[in-house]
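Just below is one structure, and these are the notes that go with it.
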Amino acid sequence: MKGKTQLGDFLKARRSHLRPEDVGVATYGERRRVPGLRREELALLAGVSVSYYTRLEQGQAPSASPEVLDALAFALRLDEPERRYLHDLAHAGRQRPRARRLAPERLTEENTQLLDVLGDAPAVLLGRCSDVLAWNRLGHALFAGHLDLDAPDRPAQRPNMARLVFLDSHTRDLYADWPSKARAVVGHLRLVAGRFPDDAALHALVGELSAKSAEFALMWADHRVKSYMLASYEMRHPLVGPLTVVQQTLGLGRGTSVVVATTPAGSSSRAALALLAQAVVSTESARTPSRAATD
């Protein structure tokens, strides 16, 4: 994932998705051979020369200044996460990063305290590449009850939410609108790639998913960037049936985050979560021998 190449690919993809009428460019009814804006049209909107913009897309130009990047972001109608991603790509191009393995992620005492404080809300602690570092019991039951509860405790075997969404049939069936969830996952990985361009683990994950999932490869090539700090999903849980949850992602620094699922008070979805919590307690009771039996 070379910075300059990624920058050019991102600019090209965003340009192809922007229609002339979206930015007030007159076409006078002409037939256009390519989708979206032409290079010269975008260059004019951004206030840069066509030759300079062309070199940017081709990865042949010197690093763009923050002012030029902001002008391009404005011309492309980028939102704030996309604008930050554009700057991250340009910075990566200047640094010429080489893929390297970053320090292993681990569960801290503070992370454990946070999961405890969240109490009955389903919660999952994720690393920068969407590895599950920890989950509480209801988070496990809601998102991945078919997996071993203790799987996150084994670093080499930790579940990865991106892998689960694209390669695991249980997780795919869990979301009524699976494409929406899948696009959010890819968009988030794009943001992570901009922030950590030299992360070898992320390179490996993207390569694996691209090889194993044609849908991931197509979405990754689209260069969509999405910050999914707040998203509503309709889920079809095998134990408690349909429910709608709001997944709220809280950033904890260095790419680590905690995803919490919430439901409106008094809703059928809140009742479904309560039923799932009861099922978790019942399962634990069945697995734990009574004191009388062990005496």
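Going through the structure tokens in order, the chains are called A, B, and so on, while each chain numbers its residues from 1 and the ligands are numbered from 1 in the order shown.
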
message: I'd like the contact shell of Val48 in chain A - 12 Å cut-off, only C-alpha atoms, skipping same-chain residues fewer than 3 positions apart - returned as a list in words.
response: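 That gives Arg39, Glu40, Glu41, Leu42, Ala43, Leu44, Leu45, Ser51, Tyr52, Tyr53, Thr54, Arg55, Leu56, Ala64, Ser65, Glu67, Val68, Leu69, Asp70, Ala71, Leu72 and Ala75 of chain A.
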
Would you put the residues from that selection into a file with C-alpha atoms, as a PDB file, in the first residue's frame?
ATOM      1  CA  ARG A  39      -9.427  15.700 -14.511  1.00  0.00           C
ATOM      2  CA  GLU A  40      -9.522  19.198 -15.950  1.00  0.00           C
ATOM      3  CA  GLU A  41     -12.901  19.868 -14.320  1.00  0.00           C
ATOM      4  CA  LEU A  42     -11.695  18.817 -10.884  1.00  0.00           C
ATOM      5  CA  ALA A  43      -8.425  20.725 -11.288  1.00  0.00           C
ATOM      6  CA  LEU A  44     -10.400  23.880 -12.101  1.00  0.00           C
ATOM      7  CA  LEU A  45     -12.640  23.416  -9.048  1.00  0.00           C
ATOM      8  CA  SER A  51      -0.844  18.885 -15.366  1.00  0.00           C
ATOM      9  CA  TYR A  52      -0.152  19.034 -11.624  1.00  0.00           C
ATOM     10  CA  TYR A  53      -3.370  17.247 -10.736  1.00  0.00           C
ATOM     11  CA  THR A  54      -2.664  14.587 -13.367  1.00  0.00           C
ATOM     12  CA  ARG A  55       0.758  13.961 -11.837  1.00  0.00           C
ATOM     13  CA  LEU A  56      -0.876  13.625  -8.405  1.00  0.00           C
ATOM     14  CA  ALA A  64       0.953  18.167  -2.111  1.00  0.00           C
ATOM     15  CA  SER A  65       0.761  20.918   0.502  1.00  0.00           C
ATOM     16  CA  GLU A  67      -3.591  23.812   1.400  1.00  0.00           C
ATOM     17  CA  VAL A  68      -3.761  21.932  -1.904  1.00  0.00           C
ATOM     18  CA  LEU A  69      -5.113  18.840  -0.160  1.00  0.00           C
ATOM     19  CA  ASP A  70      -7.839  20.895   1.507  1.00  0.00           C
ATOM     20  CA  ALA A  71      -8.724  22.466  -1.838  1.00  0.00           C
ATOM     21  CA  LEU A  72      -9.000  19.001  -3.406  1.00  0.00           C
ATOM     22  CA  ALA A  75     -13.715  20.164  -4.695  1.00  0.00           C
TER      23      ALA A  75
END

Any idea what's packed within 10 Å of range 217-223 of chain A, counting only C-alpha atoms, ignoring anything in its chain fewer than 3 positions away? Could you give it as a PDB file with C-alpha atoms, in the first residue's frame?
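As written to disk, around.pdb reads:
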ATOM      1  CA  GLN A   6      -2.931   5.047  -2.744  1.00  0.00           C
ATOM      2  CA  ASP A   9      -6.131   5.794  -6.575  1.00  0.00           C
ATOM      3  CA  PHE A  10      -8.243   7.545  -3.929  1.00  0.00           C
ATOM      4  CA  LEU A  11      -8.422  10.785  -5.927  1.00  0.00           C
ATOM      5  CA  LYS A  12      -9.368   8.893  -9.070  1.00  0.00           C
ATOM      6  CA  ALA A  13     -12.054   6.865  -7.321  1.00  0.00           C
ATOM      7  CA  ARG A  14     -13.621   9.872  -5.614  1.00  0.00           C
ATOM      8  CA  SER A  16     -15.318   9.041 -10.709  1.00  0.00           C
ATOM      9  CA  HIS A  17     -18.150   9.089  -8.153  1.00  0.00           C
ATOM     10  CA  GLU A  82     -12.385  11.366   4.061  1.00  0.00           C
ATOM     11  CA  PRO A 179     -23.776  -5.104   2.489  1.00  0.00           C
ATOM     12  CA  ALA A 182     -19.593  -4.924   5.049  1.00  0.00           C
ATOM     13  CA  ARG A 183     -19.109  -1.446   3.575  1.00  0.00           C
ATOM     14  CA  VAL A 185     -16.000  -2.584   7.853  1.00  0.00           C
ATOM     15  CA  VAL A 186     -14.098  -1.812   4.648  1.00  0.00           C
ATOM     16  CA  GLY A 187     -14.458   1.925   5.152  1.00  0.00           C
ATOM     17  CA  LEU A 189     -10.090  -0.460   7.428  1.00  0.00           C
ATOM     18  CA  ARG A 190      -9.400   2.276   4.868  1.00  0.00           C
ATOM     19  CA  VAL A 206      -6.267  -6.855   3.372  1.00  0.00           C
ATOM     20  CA  GLY A 207      -4.384  -9.308   1.158  1.00  0.00           C
ATOM     21  CA  GLU A 208      -6.093 -12.291   2.749  1.00  0.00           C
ATOM     22  CA  LEU A 209      -9.594 -10.829   2.483  1.00  0.00           C
ATOM     23  CA  SER A 210      -9.008  -9.675  -1.092  1.00  0.00           C
ATOM     24  CA  ALA A 211      -7.953 -13.200  -2.069  1.00  0.00           C
ATOM     25  CA  LYS A 212     -10.774 -14.986  -0.238  1.00  0.00           C
ATOM     26  CA  SER A 213     -13.688 -12.610  -0.843  1.00  0.00           C
ATOM     27  CA  ALA A 214     -14.515 -11.098  -4.216  1.00  0.00           C
ATOM     28  CA  LYS A 226     -16.272   5.573   6.449  1.00  0.00           C
TER      29      LYS A 226
END

query: Any idea what the distance is between CA of Pro197 in chain A and CA of Ala162 in chain A?
result: 17.8 Å

message: Counting only C-alpha atoms, which residue out of A:Ala144, A:Leu18, A:Ala134, A:Leu275 sits closest to Ser169 in chain A?
response: A:Ala144

- line: Of A:Phe216, A:Phe196, A:Tyr233, A:Tyr228, the one nearest to His91 in chain A when counting only C-alpha atoms is A:Phe196

Using DSSP assignments from the backbone, pull out every residue in range 228-258 of chain A that falls under strand (DSSP E or B) and give it to me as a PDB file with all heavy atoms, in the first residue's frame.
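Just written: selection13.pdb:
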ATOM      1  N   LEU A 230     -21.077   5.580  14.852  1.00  0.00           N
ATOM      2  CA  LEU A 230     -22.464   5.407  15.252  1.00  0.00           C
ATOM      3  C   LEU A 230     -23.230   4.834  14.066  1.00  0.00           C
ATOM      4  O   LEU A 230     -23.284   5.448  13.005  1.00  0.00           O
ATOM      5  CB  LEU A 230     -23.065   6.752  15.665  1.00  0.00           C
ATOM      6  CG  LEU A 230     -24.480   6.742  16.241  1.00  0.00           C
ATOM      7  CD1 LEU A 230     -24.476   6.071  17.607  1.00  0.00           C
ATOM      8  CD2 LEU A 230     -25.008   8.171  16.360  1.00  0.00           C
ATOM      9  N   ALA A 231     -23.797   3.643  14.236  1.00  0.00           N
ATOM     10  CA  ALA A 231     -24.518   3.002  13.134  1.00  0.00           C
ATOM     11  C   ALA A 231     -25.596   2.088  13.694  1.00  0.00           C
ATOM     12  O   ALA A 231     -25.400   1.424  14.710  1.00  0.00           O
ATOM     13  CB  ALA A 231     -23.557   2.210  12.249  1.00  0.00           C
ATOM     14  N   SER A 232     -26.742   2.070  13.009  1.00  0.00           N
ATOM     15  CA  SER A 232     -27.859   1.217  13.423  1.00  0.00           C
ATOM     16  C   SER A 232     -27.942   0.008  12.502  1.00  0.00           C
ATOM     17  O   SER A 232     -27.844   0.143  11.278  1.00  0.00           O
ATOM     18  CB  SER A 232     -29.168   2.010  13.365  1.00  0.00           C
ATOM     19  OG  SER A 232     -30.271   1.193  13.714  1.00  0.00           O
ATOM     20  N   TYR A 233     -28.094  -1.171  13.103  1.00  0.00           N
ATOM     21  CA  TYR A 233     -28.161  -2.406  12.313  1.00  0.00           C
ATOM     22  C   TYR A 233     -29.319  -3.278  12.783  1.00  0.00           C
ATOM     23  O   TYR A 233     -29.524  -3.454  13.986  1.00  0.00           O
ATOM     24  CB  TYR A 233     -26.856  -3.204  12.449  1.00  0.00           C
ATOM     25  CG  TYR A 233     -25.652  -2.520  11.872  1.00  0.00           C
ATOM     26  CD1 TYR A 233     -24.697  -1.941  12.707  1.00  0.00           C
ATOM     27  CD2 TYR A 233     -25.465  -2.445  10.489  1.00  0.00           C
ATOM     28  CE1 TYR A 233     -23.589  -1.307  12.176  1.00  0.00           C
ATOM     29  CE2 TYR A 233     -24.361  -1.805   9.959  1.00  0.00           C
ATOM     30  CZ  TYR A 233     -23.425  -1.240  10.807  1.00  0.00           C
ATOM     31  OH  TYR A 233     -22.335  -0.603  10.288  1.00  0.00           O
ATOM     32  N   GLU A 234     -30.032  -3.817  11.814  1.00  0.00           N
ATOM     33  CA  GLU A 234     -31.034  -4.830  12.130  1.00  0.00           C
ATOM     34  C   GLU A 234     -30.346  -6.184  12.125  1.00  0.00           C
ATOM     35  O   GLU A 234     -29.699  -6.559  11.145  1.00  0.00           O
ATOM     36  CB  GLU A 234     -32.162  -4.812  11.101  1.00  0.00           C
ATOM     37  CG  GLU A 234     -33.253  -5.844  11.376  1.00  0.00           C
ATOM     38  CD  GLU A 234     -34.328  -5.870  10.315  1.00  0.00           C
ATOM     39  OE1 GLU A 234     -34.380  -4.926   9.495  1.00  0.00           O
ATOM     40  OE2 GLU A 234     -35.101  -6.857  10.278  1.00  0.00           O
ATOM     41  N   MET A 235     -30.471  -6.885  13.235  1.00  0.00           N
ATOM     42  CA  MET A 235     -29.803  -8.170  13.378  1.00  0.00           C
ATOM     43  C   MET A 235     -30.829  -9.292  13.469  1.00  0.00           C
ATOM     44  O   MET A 235     -31.968  -9.082  13.909  1.00  0.00           O
ATOM     45  CB  MET A 235     -28.896  -8.165  14.616  1.00  0.00           C
ATOM     46  CG  MET A 235     -27.893  -7.022  14.637  1.00  0.00           C
ATOM     47  SD  MET A 235     -26.796  -7.033  16.081  1.00  0.00           S
ATOM     48  CE  MET A 235     -25.647  -8.321  15.627  1.00  0.00           C
ATOM     49  N   ARG A 236     -30.433 -10.476  13.033  1.00  0.00           N
ATOM     50  CA  ARG A 236     -31.290 -11.667  13.089  1.00  0.00           C
ATOM     51  C   ARG A 236     -30.560 -12.713  13.926  1.00  0.00           C
ATOM     52  O   ARG A 236     -29.826 -13.539  13.390  1.00  0.00           O
ATOM     53  CB  ARG A 236     -31.575 -12.171  11.678  1.00  0.00           C
ATOM     54  CG  ARG A 236     -32.264 -11.142  10.788  1.00  0.00           C
ATOM     55  CD  ARG A 236     -32.394 -11.594   9.356  1.00  0.00           C
ATOM     56  NE  ARG A 236     -31.092 -11.811   8.719  1.00  0.00           N
ATOM     57  CZ  ARG A 236     -30.908 -11.895   7.407  1.00  0.00           C
ATOM     58  NH1 ARG A 236     -31.927 -11.773   6.579  1.00  0.00           N
ATOM     59  NH2 ARG A 236     -29.698 -12.107   6.917  1.00  0.00           N
ATOM     60  N   HIS A 237     -30.775 -12.628  15.228  1.00  0.00           N
ATOM     61  CA  HIS A 237     -30.004 -13.488  16.131  1.00  0.00           C
ATOM     62  C   HIS A 237     -30.625 -14.881  16.191  1.00  0.00           C
ATOM     63  O   HIS A 237     -31.854 -15.020  16.303  1.00  0.00           O
ATOM     64  CB  HIS A 237     -29.946 -12.885  17.528  1.00  0.00           C
ATOM     65  CG  HIS A 237     -28.870 -13.461  18.375  1.00  0.00           C
ATOM     66  ND1 HIS A 237     -29.036 -14.638  19.080  1.00  0.00           N
ATOM     67  CD2 HIS A 237     -27.600 -13.050  18.604  1.00  0.00           C
ATOM     68  CE1 HIS A 237     -27.923 -14.914  19.720  1.00  0.00           C
ATOM     69  NE2 HIS A 237     -27.026 -13.964  19.459  1.00  0.00           N
ATOM     70  N   GLY A 241     -34.041 -13.990  17.896  1.00  0.00           N
ATOM     71  CA  GLY A 241     -34.760 -13.448  16.756  1.00  0.00           C
ATOM     72  C   GLY A 241     -34.313 -12.050  16.354  1.00  0.00           C
ATOM     73  O   GLY A 241     -33.215 -11.604  16.700  1.00  0.00           O
ATOM     74  N   PRO A 242     -35.174 -11.303  15.650  1.00  0.00           N
ATOM     75  CA  PRO A 242     -34.784  -9.986  15.125  1.00  0.00           C
ATOM     76  C   PRO A 242     -34.687  -8.926  16.216  1.00  0.00           C
ATOM     77  O   PRO A 242     -35.488  -8.906  17.155  1.00  0.00           O
ATOM     78  CB  PRO A 242     -35.909  -9.654  14.135  1.00  0.00           C
ATOM     79  CG  PRO A 242     -37.088 -10.424  14.633  1.00  0.00           C
ATOM     80  CD  PRO A 242     -36.535 -11.691  15.207  1.00  0.00           C
ATOM     81  N   LEU A 243     -33.713  -8.070  16.094  1.00  0.00           N
ATOM     82  CA  LEU A 243     -33.577  -6.906  16.962  1.00  0.00           C
ATOM     83  C   LEU A 243     -32.753  -5.860  16.249  1.00  0.00           C
ATOM     84  O   LEU A 243     -31.968  -6.185  15.340  1.00  0.00           O
ATOM     85  CB  LEU A 243     -32.924  -7.280  18.299  1.00  0.00           C
ATOM     86  CG  LEU A 243     -31.433  -7.628  18.330  1.00  0.00           C
ATOM     87  CD1 LEU A 243     -30.891  -7.471  19.758  1.00  0.00           C
ATOM     88  CD2 LEU A 243     -31.181  -9.056  17.852  1.00  0.00           C
ATOM     89  N   THR A 244     -32.943  -4.620  16.614  1.00  0.00           N
ATOM     90  CA  THR A 244     -32.184  -3.522  16.028  1.00  0.00           C
ATOM     91  C   THR A 244     -31.324  -2.890  17.107  1.00  0.00           C
ATOM     92  O   THR A 244     -31.834  -2.510  18.173  1.00  0.00           O
ATOM     93  CB  THR A 244     -33.119  -2.460  15.415  1.00  0.00           C
ATOM     94  OG1 THR A 244     -33.911  -3.070  14.392  1.00  0.00           O
ATOM     95  CG2 THR A 244     -32.319  -1.319  14.810  1.00  0.00           C
ATOM     96  N   VAL A 245     -30.039  -2.798  16.844  1.00  0.00           N
ATOM     97  CA  VAL A 245     -29.108  -2.224  17.822  1.00  0.00           C
ATOM     98  C   VAL A 245     -28.370  -1.047  17.199  1.00  0.00           C
ATOM     99  O   VAL A 245     -28.183  -0.981  15.984  1.00  0.00           O
ATOM    100  CB  VAL A 245     -28.080  -3.270  18.320  1.00  0.00           C
ATOM    101  CG1 VAL A 245     -28.775  -4.463  18.939  1.00  0.00           C
ATOM    102  CG2 VAL A 245     -27.153  -3.703  17.190  1.00  0.00           C
ATOM    103  N   VAL A 246     -27.997  -0.129  18.057  1.00  0.00           N
ATOM    104  CA  VAL A 246     -27.110   0.958  17.654  1.00  0.00           C
ATOM    105  C   VAL A 246     -25.712   0.589  18.121  1.00  0.00           C
ATOM    106  O   VAL A 246     -25.481   0.406  19.326  1.00  0.00           O
ATOM    107  CB  VAL A 246     -27.541   2.299  18.265  1.00  0.00           C
ATOM    108  CG1 VAL A 246     -26.519   3.387  17.929  1.00  0.00           C
ATOM    109  CG2 VAL A 246     -28.919   2.695  17.751  1.00  0.00           C
ATOM    110  N   GLN A 247     -24.801   0.440  17.180  1.00  0.00           N
ATOM    111  CA  GLN A 247     -23.420   0.118  17.522  1.00  0.00           C
ATOM    112  C   GLN A 247     -22.640   1.424  17.629  1.00  0.00           C
ATOM    113  O   GLN A 247     -22.471   2.140  16.644  1.00  0.00           O
ATOM    114  CB  GLN A 247     -22.808  -0.814  16.471  1.00  0.00           C
ATOM    115  CG  GLN A 247     -23.461  -2.192  16.454  1.00  0.00           C
ATOM    116  CD  GLN A 247     -22.815  -3.150  15.478  1.00  0.00           C
ATOM    117  OE1 GLN A 247     -21.696  -2.936  15.009  1.00  0.00           O
ATOM    118  NE2 GLN A 247     -23.511  -4.221  15.157  1.00  0.00           N
ATOM    119  N   GLN A 248     -22.187   1.727  18.835  1.00  0.00           N
ATOM    120  CA  GLN A 248     -21.434   2.946  19.094  1.00  0.00           C
ATOM    121  C   GLN A 248     -19.978   2.577  19.341  1.00  0.00           C
ATOM    122  O   GLN A 248     -19.678   1.737  20.184  1.00  0.00           O
ATOM    123  CB  GLN A 248     -22.007   3.684  20.301  1.00  0.00           C
ATOM    124  CG  GLN A 248     -23.484   4.045  20.130  1.00  0.00           C
ATOM    125  CD  GLN A 248     -24.011   4.909  21.249  1.00  0.00           C
ATOM    126  OE1 GLN A 248     -23.405   5.919  21.612  1.00  0.00           O
ATOM    127  NE2 GLN A 248     -25.157   4.524  21.805  1.00  0.00           N
ATOM    128  N   THR A 249     -19.093   3.199  18.578  1.00  0.00           N
ATOM    129  CA  THR A 249     -17.671   2.897  18.665  1.00  0.00           C
ATOM    130  C   THR A 249     -16.955   4.032  19.381  1.00  0.00           C
ATOM    131  O   THR A 249     -17.019   5.187  18.966  1.00  0.00           O
ATOM    132  CB  THR A 249     -17.069   2.702  17.275  1.00  0.00           C
ATOM    133  OG1 THR A 249     -17.775   1.647  16.599  1.00  0.00           O
ATOM    134  CG2 THR A 249     -15.594   2.334  17.362  1.00  0.00           C
ATOM    135  N   LEU A 250     -16.270   3.692  20.461  1.00  0.00           N
ATOM    136  CA  LEU A 250     -15.552   4.677  21.263  1.00  0.00           C
ATOM    137  C   LEU A 250     -14.059   4.465  21.076  1.00  0.00           C
ATOM    138  O   LEU A 250     -13.527   3.395  21.395  1.00  0.00           O
ATOM    139  CB  LEU A 250     -15.921   4.523  22.743  1.00  0.00           C
ATOM    140  CG  LEU A 250     -17.421   4.415  23.065  1.00  0.00           C
ATOM    141  CD1 LEU A 250     -17.624   4.157  24.557  1.00  0.00           C
ATOM    142  CD2 LEU A 250     -18.150   5.667  22.626  1.00  0.00           C
ATOM    143  N   GLY A 251     -13.368   5.462  20.525  1.00  0.00           N
ATOM    144  CA  GLY A 251     -11.934   5.349  20.301  1.00  0.00           C
ATOM    145  C   GLY A 251     -11.154   5.446  21.593  1.00  0.00           C
ATOM    146  O   GLY A 251     -11.426   6.309  22.439  1.00  0.00           O
ATOM    147  N   LEU A 252     -10.157   4.573  21.757  1.00  0.00           N
ATOM    148  CA  LEU A 252      -9.347   4.545  22.973  1.00  0.00           C
ATOM    149  C   LEU A 252      -7.890   4.909  22.710  1.00  0.00           C
ATOM    150  O   LEU A 252      -7.057   4.823  23.605  1.00  0.00           O
ATOM    151  CB  LEU A 252      -9.418   3.148  23.619  1.00  0.00           C
ATOM    152  CG  LEU A 252     -10.816   2.636  23.957  1.00  0.00           C
ATOM    153  CD1 LEU A 252     -10.730   1.237  24.565  1.00  0.00           C
ATOM    154  CD2 LEU A 252     -11.540   3.585  24.903  1.00  0.00           C
ATOM    155  N   GLY A 253      -7.578   5.297  21.464  1.00  0.00           N
ATOM    156  CA  GLY A 253      -6.211   5.687  21.133  1.00  0.00           C
ATOM    157  C   GLY A 253      -5.425   4.572  20.471  1.00  0.00           C
ATOM    158  O   GLY A 253      -5.629   3.387  20.760  1.00  0.00           O
ATOM    159  N   THR A 256      -7.150   1.419  18.930  1.00  0.00           N
ATOM    160  CA  THR A 256      -7.983   0.547  19.759  1.00  0.00           C
ATOM    161  C   THR A 256      -9.332   1.212  20.021  1.00  0.00           C
ATOM    162  O   THR A 256      -9.413   2.421  20.221  1.00  0.00           O
ATOM    163  CB  THR A 256      -7.294   0.251  21.093  1.00  0.00           C
ATOM    164  OG1 THR A 256      -6.009  -0.317  20.846  1.00  0.00           O
ATOM    165  CG2 THR A 256      -8.103  -0.730  21.919  1.00  0.00           C
ATOM    166  N   SER A 257     -10.400   0.428  20.026  1.00  0.00           N
ATOM    167  CA  SER A 257     -11.731   0.985  20.253  1.00  0.00           C
ATOM    168  C   SER A 257     -12.605  -0.057  20.948  1.00  0.00           C
ATOM    169  O   SER A 257     -12.291  -1.246  20.962  1.00  0.00           O
ATOM    170  CB  SER A 257     -12.378   1.399  18.928  1.00  0.00           C
ATOM    171  OG  SER A 257     -12.513   0.281  18.062  1.00  0.00           O
ATOM    172  N   VAL A 258     -13.700   0.409  21.519  1.00  0.00           N
ATOM    173  CA  VAL A 258     -14.685  -0.489  22.102  1.00  0.00           C
ATOM    174  C   VAL A 258     -16.016  -0.233  21.408  1.00  0.00           C
ATOM    175  O   VAL A 258     -16.433   0.904  21.238  1.00  0.00           O
ATOM    176  CB  VAL A 258     -14.807  -0.307  23.636  1.00  0.00           C
ATOM    177  CG1 VAL A 258     -15.250   1.105  24.012  1.00  0.00           C
ATOM    178  CG2 VAL A 258     -15.752  -1.333  24.211  1.00  0.00           C
TER     179      VAL A 258
END

- request: Pick out the closest residue to Val124 in chain A from this set: A:His87, A:Arg15, A:His140, A:Arg77. Count only C-alpha atoms.
  value: A:His140

- prompt: Ala279 in chain A: which residues within 12 Å, counting only C-alpha atoms, same-chain residues fewer than 2 positions away excluded, as a PyMOL selection string?
  reply: chain A and resi 137-138+141-142+145+239-240+272-277+281-286

Could you write out that same residue set with N, CA and C atoms as an mmCIF file, in the first residue's frame?
data_model
loop_
_atom_site.group_PDB
_atom_site.id
_atom_site.type_symbol
_atom_site.label_atom_id
_atom_site.label_comp_id
_atom_site.auth_asym_id
_atom_site.auth_seq_id
_atom_site.Cartn_x
_atom_site.Cartn_y
_atom_site.Cartn_z
ATOM 1 N N ARG A 137 -19.534 -10.972 28.289
ATOM 2 C CA ARG A 137 -20.295 -12.186 27.948
ATOM 3 C C ARG A 137 -21.469 -11.896 27.016
ATOM 4 N N LEU A 138 -22.122 -10.754 27.219
ATOM 5 C CA LEU A 138 -23.245 -10.437 26.347
ATOM 6 C C LEU A 138 -22.765 -9.985 24.965
ATOM 7 N N ALA A 141 -22.093 -13.167 23.201
ATOM 8 C CA ALA A 141 -23.340 -13.852 22.837
ATOM 9 C C ALA A 141 -24.045 -13.170 21.678
ATOM 10 N N LEU A 142 -23.973 -11.838 21.611
ATOM 11 C CA LEU A 142 -24.659 -11.114 20.538
ATOM 12 C C LEU A 142 -23.921 -11.226 19.217
ATOM 13 N N GLY A 145 -21.612 -15.730 19.307
ATOM 14 C CA GLY A 145 -21.891 -16.791 20.266
ATOM 15 C C GLY A 145 -21.501 -18.170 19.795
ATOM 16 N N LEU A 239 -30.800 -17.025 18.506
ATOM 17 C CA LEU A 239 -31.445 -17.383 19.778
ATOM 18 C C LEU A 239 -32.665 -16.522 20.100
ATOM 19 N N VAL A 240 -32.585 -15.225 19.822
ATOM 20 C CA VAL A 240 -33.662 -14.326 20.268
ATOM 21 C C VAL A 240 -34.384 -13.647 19.113
ATOM 22 N N ALA A 272 -35.306 -8.298 23.659
ATOM 23 C CA ALA A 272 -34.540 -9.391 23.064
ATOM 24 C C ALA A 272 -33.162 -9.499 23.712
ATOM 25 N N LEU A 273 -32.522 -8.352 23.987
ATOM 26 C CA LEU A 273 -31.219 -8.383 24.663
ATOM 27 C C LEU A 273 -31.352 -8.938 26.077
ATOM 28 N N ALA A 274 -32.437 -8.584 26.748
ATOM 29 C CA ALA A 274 -32.655 -9.112 28.097
ATOM 30 C C ALA A 274 -32.826 -10.625 28.056
ATOM 31 N N LEU A 275 -33.534 -11.094 27.034
ATOM 32 C CA LEU A 275 -33.714 -12.543 26.873
ATOM 33 C C LEU A 275 -32.383 -13.220 26.588
ATOM 34 N N LEU A 276 -31.541 -12.570 25.781
ATOM 35 C CA LEU A 276 -30.218 -13.127 25.487
ATOM 36 C C LEU A 276 -29.371 -13.171 26.757
ATOM 37 N N ALA A 277 -29.473 -12.136 27.586
ATOM 38 C CA ALA A 277 -28.725 -12.118 28.844
ATOM 39 C C ALA A 277 -29.156 -13.274 29.747
ATOM 40 N N VAL A 281 -26.852 -16.420 31.265
ATOM 41 C CA VAL A 281 -26.812 -16.830 32.667
ATOM 42 C C VAL A 281 -27.177 -18.307 32.809
ATOM 43 N N SER A 282 -28.203 -18.735 32.062
ATOM 44 C CA SER A 282 -28.629 -20.135 32.133
ATOM 45 C C SER A 282 -27.531 -21.073 31.650
ATOM 46 N N THR A 283 -26.852 -20.680 30.580
ATOM 47 C CA THR A 283 -25.768 -21.502 30.045
ATOM 48 C C THR A 283 -24.617 -21.604 31.034
ATOM 49 N N GLU A 284 -24.287 -20.471 31.681
ATOM 50 C CA GLU A 284 -23.206 -20.489 32.668
ATOM 51 C C GLU A 284 -23.569 -21.365 33.859
ATOM 52 N N SER A 285 -24.837 -21.288 34.279
ATOM 53 C CA SER A 285 -25.275 -22.101 35.419
ATOM 54 C C SER A 285 -25.194 -23.584 35.105
ATOM 55 N N ALA A 286 -25.527 -23.940 33.860
ATOM 56 C CA ALA A 286 -25.484 -25.343 33.456
ATOM 57 C C ALA A 286 -24.055 -25.866 33.412
#

task: Please report, as a PyMOL selection string, each residue of range 138-285 of chain A to which DSSP assigns helix (DSSP H, G or I) when run on this structure's backbone.
output: chain A and resi 138-144+151-153+155-157+161-167+169-174+178-195+200-212+214-221+268-285

message: Using only C-alpha atoms for the distances, tell me which of A:Gly8, A:Thr108, A:Arg33, A:His170 is nearest to Gly59 in chain A.
response: A:Gly8

task: Quote the spacing between CA of Ala123 in chain A and CA of Ala261 in chain A in Å to one decimal place.
output: 6.5 Å

task: For Pro20 in chain A, work out the shell of residues within 7 Å, counting only C-alpha atoms and skipping chain neighbours fewer than 3 positions away, then give it as a ChimeraX atom specification.
output: /A:23-26,36-37

Among the residues A:Ala200, A:Leu164, A:Ala46, A:Ala121, the one that comes closest to Arg270 in chain A [using only C-alpha atoms]: A:Ala121

- prompt: Closest to His188 in chain A among A:Pro264, A:Gly139, A:Pro81, A:Leu86, using only C-alpha atoms?
  reply: A:Pro81
